>>> print(open('my_file.csv').read())   # CSV, C-alpha atoms and all ligand atoms
chain,number,residue,atom,x,y,z
A,1,MET,CA,106.4,12.5,20.1
A,2,ASN,CA,106.9,8.8,19.3
A,3,ILE,CA,104.4,7.6,16.7
A,4,HIS,CA,103.9,3.8,16.9
A,5,HIS,CA,102.1,3.2,13.6
A,6,THR,CA,102.9,3.4,9.9
A,7,PRO,CA,99.9,4.2,7.8
A,8,VAL,CA,99.1,1.6,5.2
A,9,LEU,CA,98.4,2.3,1.4
A,10,PHE,CA,98.9,5.9,2.3
A,11,ASP,CA,99.4,7.5,-1.1
A,12,GLU,CA,96.9,5.2,-2.8
A,13,CYS,CA,94.2,6.1,-0.2
A,14,LEU,CA,94.7,9.9,-0.4
A,15,LYS,CA,94.8,9.9,-4.2
A,16,ILE,CA,91.3,8.3,-4.3
A,17,LEU,CA,89.8,10.0,-1.3
A,18,ILE,CA,90.6,13.7,-1.7
A,19,THR,CA,88.8,15.4,-4.6
A,20,ASN,CA,88.3,18.9,-3.1
A,21,ALA,CA,90.9,20.7,-1.1
A,22,ASN,CA,88.1,22.9,0.5
A,23,GLY,CA,86.1,19.8,1.4
A,24,VAL,CA,85.0,18.2,4.6
A,25,TYR,CA,86.4,14.7,5.3
A,26,PHE,CA,85.7,12.0,7.8
A,27,ASP,CA,88.4,9.6,9.1
A,28,GLY,CA,86.6,6.9,11.1
A,29,THR,CA,89.8,5.3,12.4
A,30,LEU,CA,92.0,8.1,13.6
A,31,GLY,CA,94.5,5.9,15.4
A,32,PHE,CA,97.8,7.7,15.6
A,33,GLY,CA,96.8,10.1,12.9
A,34,GLY,CA,98.9,8.8,10.0
A,35,HIS,CA,96.1,9.0,7.4
A,36,THR,CA,94.6,12.0,9.2
A,37,GLN,CA,97.8,14.0,8.8
A,38,GLY,CA,97.9,13.0,5.1
A,39,ILE,CA,94.3,14.3,4.6
A,40,LEU,CA,95.1,17.6,6.4
A,41,ASN,CA,98.2,18.0,4.2
A,42,LYS,CA,96.0,17.9,1.1
A,43,LEU,CA,93.4,20.4,2.4
A,44,ASN,CA,93.7,24.1,2.3
A,45,ASP,CA,92.6,26.5,5.1
A,46,GLU,CA,88.9,26.2,4.2
A,47,GLY,CA,89.0,22.3,4.4
A,48,ARG,CA,87.8,20.4,7.5
A,49,LEU,CA,88.6,17.0,8.9
A,50,ILE,CA,86.5,15.2,11.4
A,51,ALA,CA,88.1,12.0,12.9
A,52,THR,CA,87.2,9.5,15.5
A,53,ASP,CA,88.6,6.6,17.4
A,54,PHE,CA,87.0,4.6,20.2
A,55,ASP,CA,90.3,3.7,21.7
A,56,THR,CA,91.0,6.3,24.3
A,57,ASP,CA,94.8,6.0,24.1
A,58,ALA,CA,94.8,6.6,20.4
A,59,PHE,CA,92.3,9.4,20.8
A,60,ASN,CA,94.4,11.2,23.5
A,61,PHE,CA,97.6,10.8,21.5
A,62,SER,CA,96.0,12.3,18.3
A,63,LYS,CA,94.2,15.0,20.3
A,64,LYS,CA,97.7,16.3,21.3
A,65,ARG,CA,99.1,15.7,17.8
A,66,PHE,CA,96.5,17.9,16.1
A,67,GLU,CA,95.7,20.4,18.9
A,68,ASN,CA,97.1,23.3,16.9
A,69,ASP,CA,95.3,22.5,13.7
A,70,LYS,CA,92.0,24.4,13.7
A,71,ARG,CA,90.7,22.4,10.7
A,72,ALA,CA,90.6,19.1,12.7
A,73,ASN,CA,87.9,18.1,15.2
A,74,LEU,CA,88.4,14.8,16.9
A,75,TYR,CA,86.0,12.4,18.7
A,76,ASN,CA,86.4,9.4,21.0
A,77,PHE,CA,83.3,7.7,19.5
A,78,ASN,CA,82.5,4.6,17.6
A,79,PHE,CA,82.7,5.2,13.8
A,80,SER,CA,79.3,3.7,13.4
A,81,LEU,CA,78.1,7.1,14.7
A,82,VAL,CA,79.4,8.8,11.5
A,83,ASP,CA,76.0,10.4,10.9
A,84,VAL,CA,75.5,11.5,14.5
A,85,ILE,CA,78.9,13.1,14.4
A,86,ALA,CA,77.9,14.9,11.2
A,87,LYS,CA,74.8,16.3,13.0
A,88,ILE,CA,76.9,17.5,16.0
A,89,GLU,CA,79.2,19.3,13.6
A,90,SER,CA,76.3,20.7,11.6
A,91,ILE,CA,77.6,18.9,8.5
A,92,ASP,CA,75.0,17.8,5.9
A,93,PHE,CA,77.4,15.9,3.7
A,94,TYR,CA,81.0,14.8,3.7
A,95,ASP,CA,83.3,15.0,0.6
A,96,GLY,CA,85.0,11.8,1.5
A,97,ILE,CA,85.0,9.1,4.2
A,98,LEU,CA,87.8,6.8,5.2
A,99,ALA,CA,88.1,3.8,7.5
A,100,ASP,CA,91.4,1.9,8.0
A,101,LEU,CA,90.0,-1.0,9.9
A,102,GLY,CA,91.3,-3.2,12.7
A,103,VAL,CA,94.0,-2.5,15.3
A,104,SER,CA,97.0,-0.2,15.2
A,105,SER,CA,100.6,-1.4,15.6
A,106,PHE,CA,100.6,0.4,19.0
A,107,GLN,CA,97.7,-1.7,20.2
A,108,LEU,CA,99.4,-4.9,18.9
A,109,ASP,CA,102.8,-4.1,20.3
A,110,ASN,CA,101.7,-2.6,23.6
A,111,ALA,CA,101.9,-5.5,26.0
A,112,GLU,CA,99.2,-3.9,28.3
A,113,SER,CA,96.6,-3.8,25.5
A,114,GLY,CA,96.7,-7.6,25.4
A,115,PHE,CA,96.0,-7.8,21.7
A,116,SER,CA,98.8,-10.2,20.9
A,117,TYR,CA,99.5,-13.7,22.0
A,118,ARG,CA,103.2,-12.8,21.9
A,119,SER,CA,103.1,-11.1,25.3
A,120,ASP,CA,101.7,-12.6,28.5
A,121,THR,CA,99.3,-10.0,29.8
A,122,LYS,CA,95.6,-9.6,30.9
A,123,LEU,CA,93.2,-11.3,28.5
A,124,ASP,CA,91.2,-8.2,27.6
A,125,LEU,CA,91.1,-7.3,23.9
A,126,ARG,CA,88.8,-4.4,24.2
A,127,MET,CA,89.7,-1.4,22.0
A,128,ASP,CA,86.8,0.5,23.5
A,129,LYS,CA,87.5,0.2,27.2
A,130,SER,CA,84.0,1.5,28.0
A,131,LYS,CA,82.6,-1.9,26.9
A,132,SER,CA,82.0,-4.1,29.9
A,133,THR,CA,82.8,-7.5,28.5
A,134,THR,CA,86.4,-8.6,28.1
A,135,ALA,CA,87.9,-11.6,26.3
A,136,ALA,CA,88.5,-13.2,29.7
A,137,ASP,CA,84.7,-12.9,30.5
A,138,ILE,CA,83.9,-14.7,27.3
A,139,VAL,CA,86.5,-17.4,27.7
A,140,ASN,CA,85.4,-18.1,31.3
A,141,THR,CA,81.6,-17.9,31.0
A,142,TYR,CA,80.4,-18.8,27.5
A,143,SER,CA,79.3,-22.4,26.8
A,144,GLU,CA,81.4,-24.8,24.8
A,145,GLU,CA,79.2,-24.4,21.7
A,146,GLU,CA,79.2,-20.6,21.9
A,147,LEU,CA,82.9,-20.5,22.2
A,148,ALA,CA,83.3,-22.9,19.3
A,149,ASN,CA,81.0,-20.7,17.2
A,150,ILE,CA,82.9,-17.5,18.0
A,151,ILE,CA,86.3,-19.2,17.1
A,152,TYR,CA,84.9,-20.6,13.9
A,153,ASN,CA,82.8,-17.7,12.7
A,154,TYR,CA,85.3,-14.9,13.5
A,155,GLY,CA,88.6,-16.7,13.2
A,156,GLU,CA,87.7,-19.2,10.5
A,157,GLU,CA,89.5,-21.8,12.6
A,158,ARG,CA,88.8,-25.4,11.7
A,159,ASN,CA,89.8,-26.8,15.1
A,160,SER,CA,87.3,-24.5,16.9
A,161,ARG,CA,85.4,-27.4,18.6
A,162,LYS,CA,88.6,-29.0,19.9
A,163,ILE,CA,89.9,-25.7,21.2
A,164,SER,CA,86.6,-24.8,22.9
A,165,ARG,CA,86.5,-28.2,24.5
A,166,LYS,CA,90.0,-27.8,25.9
A,167,ILE,CA,89.1,-24.3,27.2
A,168,ILE,CA,86.1,-25.7,29.0
A,169,ASP,CA,88.2,-28.5,30.4
A,170,LYS,CA,90.8,-26.1,31.7
A,171,ARG,CA,88.2,-23.8,33.2
A,172,LYS,CA,87.3,-26.5,35.7
A,173,SER,CA,90.6,-26.1,37.5
A,174,GLU,CA,91.6,-22.4,36.9
A,175,ILE,CA,90.2,-19.1,35.8
A,176,ILE,CA,91.7,-18.1,32.5
A,177,LYS,CA,92.9,-14.5,33.1
A,178,SER,CA,95.9,-14.1,30.9
A,179,THR,CA,96.9,-14.3,27.2
A,180,GLY,CA,99.6,-16.6,28.3
A,181,GLN,CA,97.1,-19.1,29.8
A,182,LEU,CA,95.1,-19.1,26.6
A,183,THR,CA,98.2,-19.5,24.5
A,184,GLU,CA,99.3,-22.5,26.5
A,185,ILE,CA,95.9,-24.2,26.2
A,186,ILE,CA,95.9,-23.8,22.5
A,187,SER,CA,99.5,-24.8,22.1
A,188,GLU,CA,98.8,-28.1,24.0
A,189,ILE,CA,96.5,-29.3,21.3
A,190,VAL,CA,97.8,-27.8,18.0
A,191,PRO,CA,101.0,-29.2,16.3
A,192,PRO,CA,103.9,-26.7,16.5
A,193,ASN,CA,103.8,-25.8,12.8
A,194,TYR,CA,100.2,-24.7,13.0
A,195,ARG,CA,100.5,-23.0,16.3
A,196,ILE,CA,101.1,-19.4,15.2
A,197,LYS,CA,98.3,-19.4,12.6
A,198,THR,CA,95.9,-21.0,15.1
A,199,LEU,CA,96.8,-18.5,17.8
A,200,SER,CA,96.3,-15.5,15.5
A,201,ARG,CA,93.0,-16.9,14.4
A,202,VAL,CA,91.7,-17.5,18.0
A,203,PHE,CA,92.9,-14.0,19.1
A,204,GLN,CA,91.4,-12.4,16.0
A,205,ALA,CA,88.1,-14.2,16.7
A,206,LEU,CA,87.9,-13.0,20.3
A,207,ARG,CA,88.9,-9.5,19.4
A,208,ILE,CA,86.3,-9.2,16.6
A,209,PHE,CA,83.6,-10.5,19.0
A,210,VAL,CA,84.6,-8.4,22.0
A,211,ASN,CA,84.6,-5.2,19.9
A,212,ASP,CA,81.6,-6.1,17.8
A,213,GLU,CA,83.8,-5.2,14.8
A,214,LEU,CA,81.7,-6.7,12.0
A,215,GLU,CA,78.4,-5.1,13.2
A,216,ASN,CA,80.2,-1.8,13.6
A,217,LEU,CA,81.5,-2.0,10.1
A,218,LYS,CA,78.0,-2.8,8.7
A,219,SER,CA,76.4,0.1,10.5
A,220,PHE,CA,79.2,2.5,9.5
A,221,LEU,CA,78.8,1.6,5.8
A,222,ASN,CA,75.0,2.0,5.9
A,223,TYR,CA,75.0,5.3,7.8
A,224,SER,CA,77.9,6.7,5.7
A,225,LEU,CA,75.6,6.6,2.6
A,226,ASP,CA,73.3,9.1,4.3
A,227,VAL,CA,76.1,11.7,4.8
A,228,MET,CA,78.0,11.4,1.5
A,229,LYS,CA,77.8,14.2,-1.0
A,230,GLN,CA,77.1,13.2,-4.7
A,231,GLY,CA,80.5,12.5,-6.2
A,232,SER,CA,82.1,11.9,-2.8
A,233,ARG,CA,84.3,8.9,-2.2
A,234,ILE,CA,84.4,6.2,0.5
A,235,VAL,CA,87.7,4.3,1.0
A,236,ILE,CA,88.0,1.2,3.2
A,237,ILE,CA,91.2,-0.6,4.1
A,238,SER,CA,90.6,-4.0,5.6
A,239,TYR,CA,92.9,-6.6,7.0
A,240,HIS,CA,91.1,-9.9,6.9
A,241,SER,CA,88.6,-11.7,4.7
A,242,LEU,CA,85.6,-11.3,6.9
A,243,GLU,CA,85.9,-7.5,6.8
A,244,ASP,CA,86.7,-7.4,3.1
A,245,ARG,CA,83.7,-9.6,2.3
A,246,ILE,CA,81.4,-7.2,4.1
A,247,VAL,CA,82.8,-4.2,2.2
A,248,LYS,CA,82.8,-6.0,-1.2
A,249,GLU,CA,79.2,-7.2,-0.8
A,250,PHE,CA,78.0,-3.8,0.5
A,251,PHE,CA,79.5,-2.0,-2.4
A,252,ARG,CA,78.2,-4.4,-4.9
A,253,ASP,CA,74.7,-4.3,-3.3
A,254,GLN,CA,74.7,-0.5,-3.5
A,255,THR,CA,75.5,-0.5,-7.3
A,256,VAL,CA,72.4,-2.4,-8.3
A,257,GLU,CA,68.8,-1.2,-8.6
A,258,TYR,CA,67.3,-4.4,-7.2
A,259,LEU,CA,67.2,-5.8,-3.7
A,260,SER,CA,69.7,-8.6,-3.1
A,261,PRO,CA,68.4,-12.1,-4.0
A,262,LYS,CA,68.7,-13.0,-0.4
A,263,LEU,CA,65.9,-10.5,0.5
A,264,ASP,CA,63.9,-10.7,-2.8
A,265,PRO,CA,64.6,-14.0,-4.6
A,266,ALA,CA,62.1,-13.1,-7.4
A,267,GLY,CA,64.2,-9.9,-8.2
A,268,LEU,CA,61.1,-7.7,-8.5
A,269,ILE,CA,61.6,-5.0,-5.9
A,270,LYS,CA,63.5,-1.9,-7.2
A,271,LYS,CA,65.7,0.3,-5.1
A,272,GLU,CA,68.0,3.2,-5.7
A,273,ALA,CA,71.7,2.5,-6.7
A,274,LYS,CA,73.8,4.7,-4.5
A,275,LEU,CA,77.4,3.8,-5.3
A,276,LYS,CA,79.7,3.2,-8.3
A,277,ILE,CA,82.7,1.0,-7.5
A,278,LEU,CA,86.1,2.6,-8.2
A,279,THR,CA,88.2,-0.5,-7.5
A,280,LYS,CA,87.0,-3.5,-9.5
A,281,LYS,CA,89.7,-5.5,-7.7
A,282,PRO,CA,91.0,-4.4,-4.3
A,283,MET,CA,94.2,-2.4,-4.3
A,284,LEU,CA,97.0,-4.2,-2.5
A,285,PRO,CA,100.3,-2.8,-1.0
A,286,SER,CA,103.4,-3.1,-3.1
A,287,LEU,CA,106.1,-5.6,-2.2
A,288,ASP,CA,108.2,-2.6,-1.1
A,289,GLU,CA,105.6,-1.5,1.3
A,290,ILE,CA,105.2,-5.0,2.7
A,291,GLN,CA,108.9,-5.3,3.2
A,292,ASN,CA,109.0,-2.0,5.1
A,293,ASN,CA,105.8,-2.6,7.1
A,294,TYR,CA,104.9,-6.2,7.7
A,295,ARG,CA,101.4,-5.2,9.0
A,296,ALA,CA,100.5,-4.1,5.5
A,297,ARG,CA,100.8,-7.6,4.1
A,298,SER,CA,97.1,-8.4,4.4
A,299,ALA,CA,95.7,-5.0,3.5
A,300,LYS,CA,93.0,-4.6,0.8
A,301,LEU,CA,91.7,-1.2,-0.2
A,302,ARG,CA,88.3,-0.8,-1.8
A,303,ALA,CA,86.7,2.5,-2.9
A,304,ALA,CA,83.5,3.7,-4.3
A,305,VAL,CA,81.9,7.0,-5.3
A,306,ARG,CA,78.4,8.2,-4.2
A,307,ILE,CA,76.1,8.7,-7.1
B,401,LIG,C1,94.6,0.5,11.7
B,401,LIG,S1,94.3,1.6,13.0
B,401,LIG,C2,94.2,3.2,12.2
B,401,LIG,C3,95.5,3.8,12.0
B,401,LIG,C4,95.5,5.2,11.4
B,401,LIG,N1,94.9,5.2,10.1
B,401,LIG,C5,96.9,5.8,11.4
B,401,LIG,O1,97.4,6.0,10.3
B,401,LIG,O2,97.4,6.0,12.4
B,401,LIG,C6,92.7,1.3,13.4
B,401,LIG,C7,92.1,2.2,14.5
B,401,LIG,O3,90.7,2.2,14.4
B,401,LIG,C8,90.2,2.1,15.6
B,401,LIG,N2,88.8,1.5,15.5
B,401,LIG,C9,88.5,0.3,15.1
B,401,LIG,N3,87.2,0.1,15.1
B,401,LIG,C10,86.7,1.3,15.4
B,401,LIG,C11,85.3,1.7,15.6
B,401,LIG,N4,84.3,0.9,15.4
B,401,LIG,N5,85.1,3.0,15.9
B,401,LIG,C12,86.2,3.9,16.1
B,401,LIG,N6,87.5,3.5,16.0
B,401,LIG,C13,87.7,2.2,15.7
B,401,LIG,C14,91.1,1.4,16.5
B,401,LIG,O4,91.0,1.7,17.8
B,401,LIG,C15,92.5,1.8,15.9
B,401,LIG,O5,93.1,2.8,16.6
>>> encode(input="my_file.csv", output="structure tokens")
Amino acid sequence: MNIHHTPVLFDECLKILITNANGVYFDGTLGFGGHTQGILNKLNDEGRLIATDFDTDAFNFSKKRFENDKRANLYNFNFSLVDVIAKIESIDFYDGILADLGVSSFQLDNAESGFSYRSDTKLDLRMDKSKSTTAADIVNTYSEEELANIIYNYGEERNSRKISRKIIDKRKSEIIKSTGQLTEIISEIVPPNYRIKTLSRVFQALRIFVNDELENLKSFLNYSLDVMKQGSRIVIISYHSLEDRIVKEFFRDQTVEYLSPKLDPAGLIKKEAKLKILTKKPMLPSLDEIQNNYRARSAKLRAAVRI
């Protein structure tokens, strides 16, 4: 079986995550099963692993990969259903929860998925193909302001207004159906030395928006707290600043006994602290890992323990 993805921060992640070889673990981003296999290797016969991926290709691949391992139960669900999956499995609490966010190398490299501006294919960008809206639907129907906001908010691209104006202009004469058309539009207005960075940002923005990635992450973090045993760990690997900020702020917010100043500026309302942070600063891949796996270069691992 040809595995198209090298798991990132593999040893670091397992070392923090697994504290009980008989425990029950949740891997929210099954992908091609790299981390999943690592977790299973650390568990004994009593241990259990529940994993999910909303990408059907990844799910089907891993279903086959782990079909003979009775300890593993796999789902083709959104990880924001972490608590619902626990209910289905009659699990009260997990011993550890993992999410290795974003897209897999397979999704990036597989021309048909349309995740990369490097190949000319259908402008789709859905990881979860049951969703009805594709990147092409957005690019062809959203207003100039809406497009600019998506590109700015989810891609942190400063030329968002210029790019959205150009898209609207182009839309008057053609339907933008392919990654190649979008790449061409952006390339026309961005100087060559900024092209690759801008293209990555615009594609990232559309991908995050199409897949509702930031909202999924927030729900996942919130619901995870309800199904974590005392002393269990949550490990999140993120690949861009928007995800990392959400994880960092969520962890920080759960360590304090007062509501965040945004919700309670007077700082009077008490709440329960639910986490203790294990990584004061995020763990980063070694130079060696980055040299062997370019995708690891932007990874940041944050972990916390349920109290
Ligand atoms: C970086 S890959 C995971 C790779 C995996 N750890 C491995 O070693 O093979 C991220 C995976 O998470 C999936 N994913 C992203 N967001 C998800 C969500 N909200 N629910 C379920 N799966 C999600 C993607 O489809 C992708 O397969």
>>> residues_near_point(input="my_file.csv", point="(83.2, 7.6, -5.6)", cutoff="8 Å", atoms="all atoms listed in the file", output="PyMOL selection string")
chain A and resi 231-234+275-278+303-307
>>> residues_near_ligand(input="my_file.csv", ligand="ligand LIG 401 (chain B)", cutoff="9 Å", atoms="only C-alpha atoms and all ligand atoms", output="PyMOL selection string")
chain A and resi 3-8+10+27-38+51-59+62+75-81+98-107+127-128+211-217+220+237-239
>>> atom_distance(input="my_file.csv", atom1="CA of Ile236 (chain A)", atom2="CA of Tyr94 (chain A)")
15.3 Å
>>> residues_near_point(input="my_file.csv", point="(91.5, -9.6, 14.9)", cutoff="12 Å", atoms="all atoms listed in the file", output="JSON, numbers by chain")
{"A": [101, 102, 103, 104, 107, 108, 114, 115, 116, 117, 125, 126, 127, 151, 154, 155, 156, 199, 200, 201, 202, 203, 204, 205, 206, 207, 208, 209, 210, 211, 212, 213, 214, 238, 239, 240, 241, 242, 243, 298]}
>>> closest_residue(input="my_file.csv", among="A:Ile91, A:Val190, A:Thr183, A:Lys129", to="Lys162 (chain A)", atoms="only C-alpha atoms")
A:Val190
>>> residues_around(input="my_file.csv", residues="Met283 (chain A)", least_positions_apart="4", cutoff="8 Å", atoms="all atoms listed in the file", output="JSON, numbers by chain")
{"A": [279, 300, 301, 302]}
>>> atom_distance(input="my_file.csv", atom1="CA of Ile163 (chain A)", atom2="CA of Glu145 (chain A)")
10.8 Å
>>> closest_residue(input="my_file.csv", among="A:Arg71, A:Lys274, A:Arg195, A:Arg118", to="Ser224 (chain A)", atoms="all atoms listed in the file")
A:Lys274
>>> residues_around(input="my_file.csv", residues="Asn44 (chain A)", least_positions_apart="2", cutoff="10 Å", atoms="all atoms listed in the file", output="ChimeraX atom specification")
/A:20-23,40-42,46-48,71
>>> closest_residue(input="my_file.csv", among="A:Val84, A:Asp253, A:Asn73, A:Ser178", to="Tyr223 (chain A)", atoms="all atoms listed in the file")
A:Val84
>>> atom_distance(input="my_file.csv", atom1="CA of Gly180 (chain A)", atom2="CA of Asp120 (chain A)")
4.5 Å
>>> closest_residue(input="my_file.csv", among="A:Thr179, A:Ile150, A:Gln254, A:Arg295", to="Glu112 (chain A)", atoms="all atoms listed in the file")
A:Thr179
>>> build_atoms(input="my_file.csv", residues="region 17-45 of chain A", atoms="N, CA and C atoms", output="PDB file, in the frame of the given file")
ATOM      1  N   LEU A  17      90.742   9.381  -2.227  1.00  0.00           N
ATOM      2  CA  LEU A  17      89.800  10.000  -1.300  1.00  0.00           C
ATOM      3  C   LEU A  17      89.589  11.504  -1.523  1.00  0.00           C
ATOM      4  N   ILE A  18      90.692  12.231  -1.736  1.00  0.00           N
ATOM      5  CA  ILE A  18      90.600  13.700  -1.700  1.00  0.00           C
ATOM      6  C   ILE A  18      90.321  14.233  -3.142  1.00  0.00           C
ATOM      7  N   THR A  19      89.145  14.861  -3.296  1.00  0.00           N
ATOM      8  CA  THR A  19      88.800  15.400  -4.600  1.00  0.00           C
ATOM      9  C   THR A  19      88.583  16.940  -4.493  1.00  0.00           C
ATOM     10  N   ASN A  20      88.585  17.450  -3.267  1.00  0.00           N
ATOM     11  CA  ASN A  20      88.300  18.900  -3.100  1.00  0.00           C
ATOM     12  C   ASN A  20      89.078  19.392  -1.867  1.00  0.00           C
ATOM     13  N   ALA A  21      90.038  20.245  -2.133  1.00  0.00           N
ATOM     14  CA  ALA A  21      90.900  20.700  -1.100  1.00  0.00           C
ATOM     15  C   ALA A  21      90.168  21.616  -0.061  1.00  0.00           C
ATOM     16  N   ASN A  22      88.966  22.089  -0.445  1.00  0.00           N
ATOM     17  CA  ASN A  22      88.100  22.900   0.500  1.00  0.00           C
ATOM     18  C   ASN A  22      87.104  22.019   1.188  1.00  0.00           C
ATOM     19  N   GLY A  23      87.164  20.708   0.962  1.00  0.00           N
ATOM     20  CA  GLY A  23      86.100  19.800   1.400  1.00  0.00           C
ATOM     21  C   GLY A  23      86.111  19.457   2.872  1.00  0.00           C
ATOM     22  N   VAL A  24      85.077  18.681   3.250  1.00  0.00           N
ATOM     23  CA  VAL A  24      85.000  18.200   4.600  1.00  0.00           C
ATOM     24  C   VAL A  24      85.129  16.669   4.582  1.00  0.00           C
ATOM     25  N   TYR A  25      86.072  16.152   5.352  1.00  0.00           N
ATOM     26  CA  TYR A  25      86.400  14.700   5.300  1.00  0.00           C
ATOM     27  C   TYR A  25      86.190  14.073   6.653  1.00  0.00           C
ATOM     28  N   PHE A  26      85.891  12.765   6.596  1.00  0.00           N
ATOM     29  CA  PHE A  26      85.700  12.000   7.800  1.00  0.00           C
ATOM     30  C   PHE A  26      86.649  10.830   7.858  1.00  0.00           C
ATOM     31  N   ASP A  27      87.463  10.777   8.907  1.00  0.00           N
ATOM     32  CA  ASP A  27      88.400   9.600   9.100  1.00  0.00           C
ATOM     33  C   ASP A  27      87.820   8.862  10.318  1.00  0.00           C
ATOM     34  N   GLY A  28      87.247   7.685  10.068  1.00  0.00           N
ATOM     35  CA  GLY A  28      86.600   6.900  11.100  1.00  0.00           C
ATOM     36  C   GLY A  28      87.555   6.168  12.025  1.00  0.00           C
ATOM     37  N   THR A  29      88.803   6.077  11.616  1.00  0.00           N
ATOM     38  CA  THR A  29      89.800   5.300  12.400  1.00  0.00           C
ATOM     39  C   THR A  29      91.049   6.148  12.560  1.00  0.00           C
ATOM     40  N   LEU A  30      90.898   7.173  13.374  1.00  0.00           N
ATOM     41  CA  LEU A  30      92.000   8.100  13.600  1.00  0.00           C
ATOM     42  C   LEU A  30      93.296   7.496  14.018  1.00  0.00           C
ATOM     43  N   GLY A  31      93.255   6.556  14.939  1.00  0.00           N
ATOM     44  CA  GLY A  31      94.500   5.900  15.400  1.00  0.00           C
ATOM     45  C   GLY A  31      95.512   6.902  15.837  1.00  0.00           C
ATOM     46  N   PHE A  32      96.704   6.793  15.274  1.00  0.00           N
ATOM     47  CA  PHE A  32      97.800   7.700  15.600  1.00  0.00           C
ATOM     48  C   PHE A  32      97.928   8.844  14.646  1.00  0.00           C
ATOM     49  N   GLY A  33      96.924   8.948  13.773  1.00  0.00           N
ATOM     50  CA  GLY A  33      96.800  10.100  12.900  1.00  0.00           C
ATOM     51  C   GLY A  33      97.619  10.093  11.647  1.00  0.00           C
ATOM     52  N   GLY A  34      98.081   8.924  11.230  1.00  0.00           N
ATOM     53  CA  GLY A  34      98.900   8.800  10.000  1.00  0.00           C
ATOM     54  C   GLY A  34      98.096   9.289   8.779  1.00  0.00           C
ATOM     55  N   HIS A  35      96.941   8.645   8.544  1.00  0.00           N
ATOM     56  CA  HIS A  35      96.100   9.000   7.400  1.00  0.00           C
ATOM     57  C   HIS A  35      95.526  10.434   7.629  1.00  0.00           C
ATOM     58  N   THR A  36      95.165  10.700   8.876  1.00  0.00           N
ATOM     59  CA  THR A  36      94.600  12.000   9.200  1.00  0.00           C
ATOM     60  C   THR A  36      95.525  13.131   8.798  1.00  0.00           C
ATOM     61  N   GLN A  37      96.785  12.978   9.145  1.00  0.00           N
ATOM     62  CA  GLN A  37      97.800  14.000   8.800  1.00  0.00           C
ATOM     63  C   GLN A  37      97.868  14.117   7.259  1.00  0.00           C
ATOM     64  N   GLY A  38      97.823  12.976   6.579  1.00  0.00           N
ATOM     65  CA  GLY A  38      97.900  13.000   5.100  1.00  0.00           C
ATOM     66  C   GLY A  38      96.697  13.768   4.525  1.00  0.00           C
ATOM     67  N   ILE A  39      95.509  13.570   5.095  1.00  0.00           N
ATOM     68  CA  ILE A  39      94.300  14.300   4.600  1.00  0.00           C
ATOM     69  C   ILE A  39      94.518  15.792   4.840  1.00  0.00           C
ATOM     70  N   LEU A  40      94.942  16.141   6.054  1.00  0.00           N
ATOM     71  CA  LEU A  40      95.100  17.600   6.400  1.00  0.00           C
ATOM     72  C   LEU A  40      96.148  18.208   5.447  1.00  0.00           C
ATOM     73  N   ASN A  41      97.194  17.460   5.098  1.00  0.00           N
ATOM     74  CA  ASN A  41      98.200  18.000   4.200  1.00  0.00           C
ATOM     75  C   ASN A  41      97.636  18.351   2.826  1.00  0.00           C
ATOM     76  N   LYS A  42      96.581  17.648   2.451  1.00  0.00           N
ATOM     77  CA  LYS A  42      96.000  17.900   1.100  1.00  0.00           C
ATOM     78  C   LYS A  42      94.918  18.968   1.147  1.00  0.00           C
ATOM     79  N   LEU A  43      94.458  19.352   2.343  1.00  0.00           N
ATOM     80  CA  LEU A  43      93.400  20.400   2.400  1.00  0.00           C
ATOM     81  C   LEU A  43      93.996  21.751   2.550  1.00  0.00           C
ATOM     82  N   ASN A  44      93.239  22.751   2.080  1.00  0.00           N
ATOM     83  CA  ASN A  44      93.700  24.100   2.300  1.00  0.00           C
ATOM     84  C   ASN A  44      93.029  24.664   3.597  1.00  0.00           C
ATOM     85  N   ASP A  45      93.112  25.974   3.819  1.00  0.00           N
ATOM     86  CA  ASP A  45      92.600  26.500   5.100  1.00  0.00           C
ATOM     87  C   ASP A  45      91.104  26.381   5.264  1.00  0.00           C
TER      88      ASP A  45
END
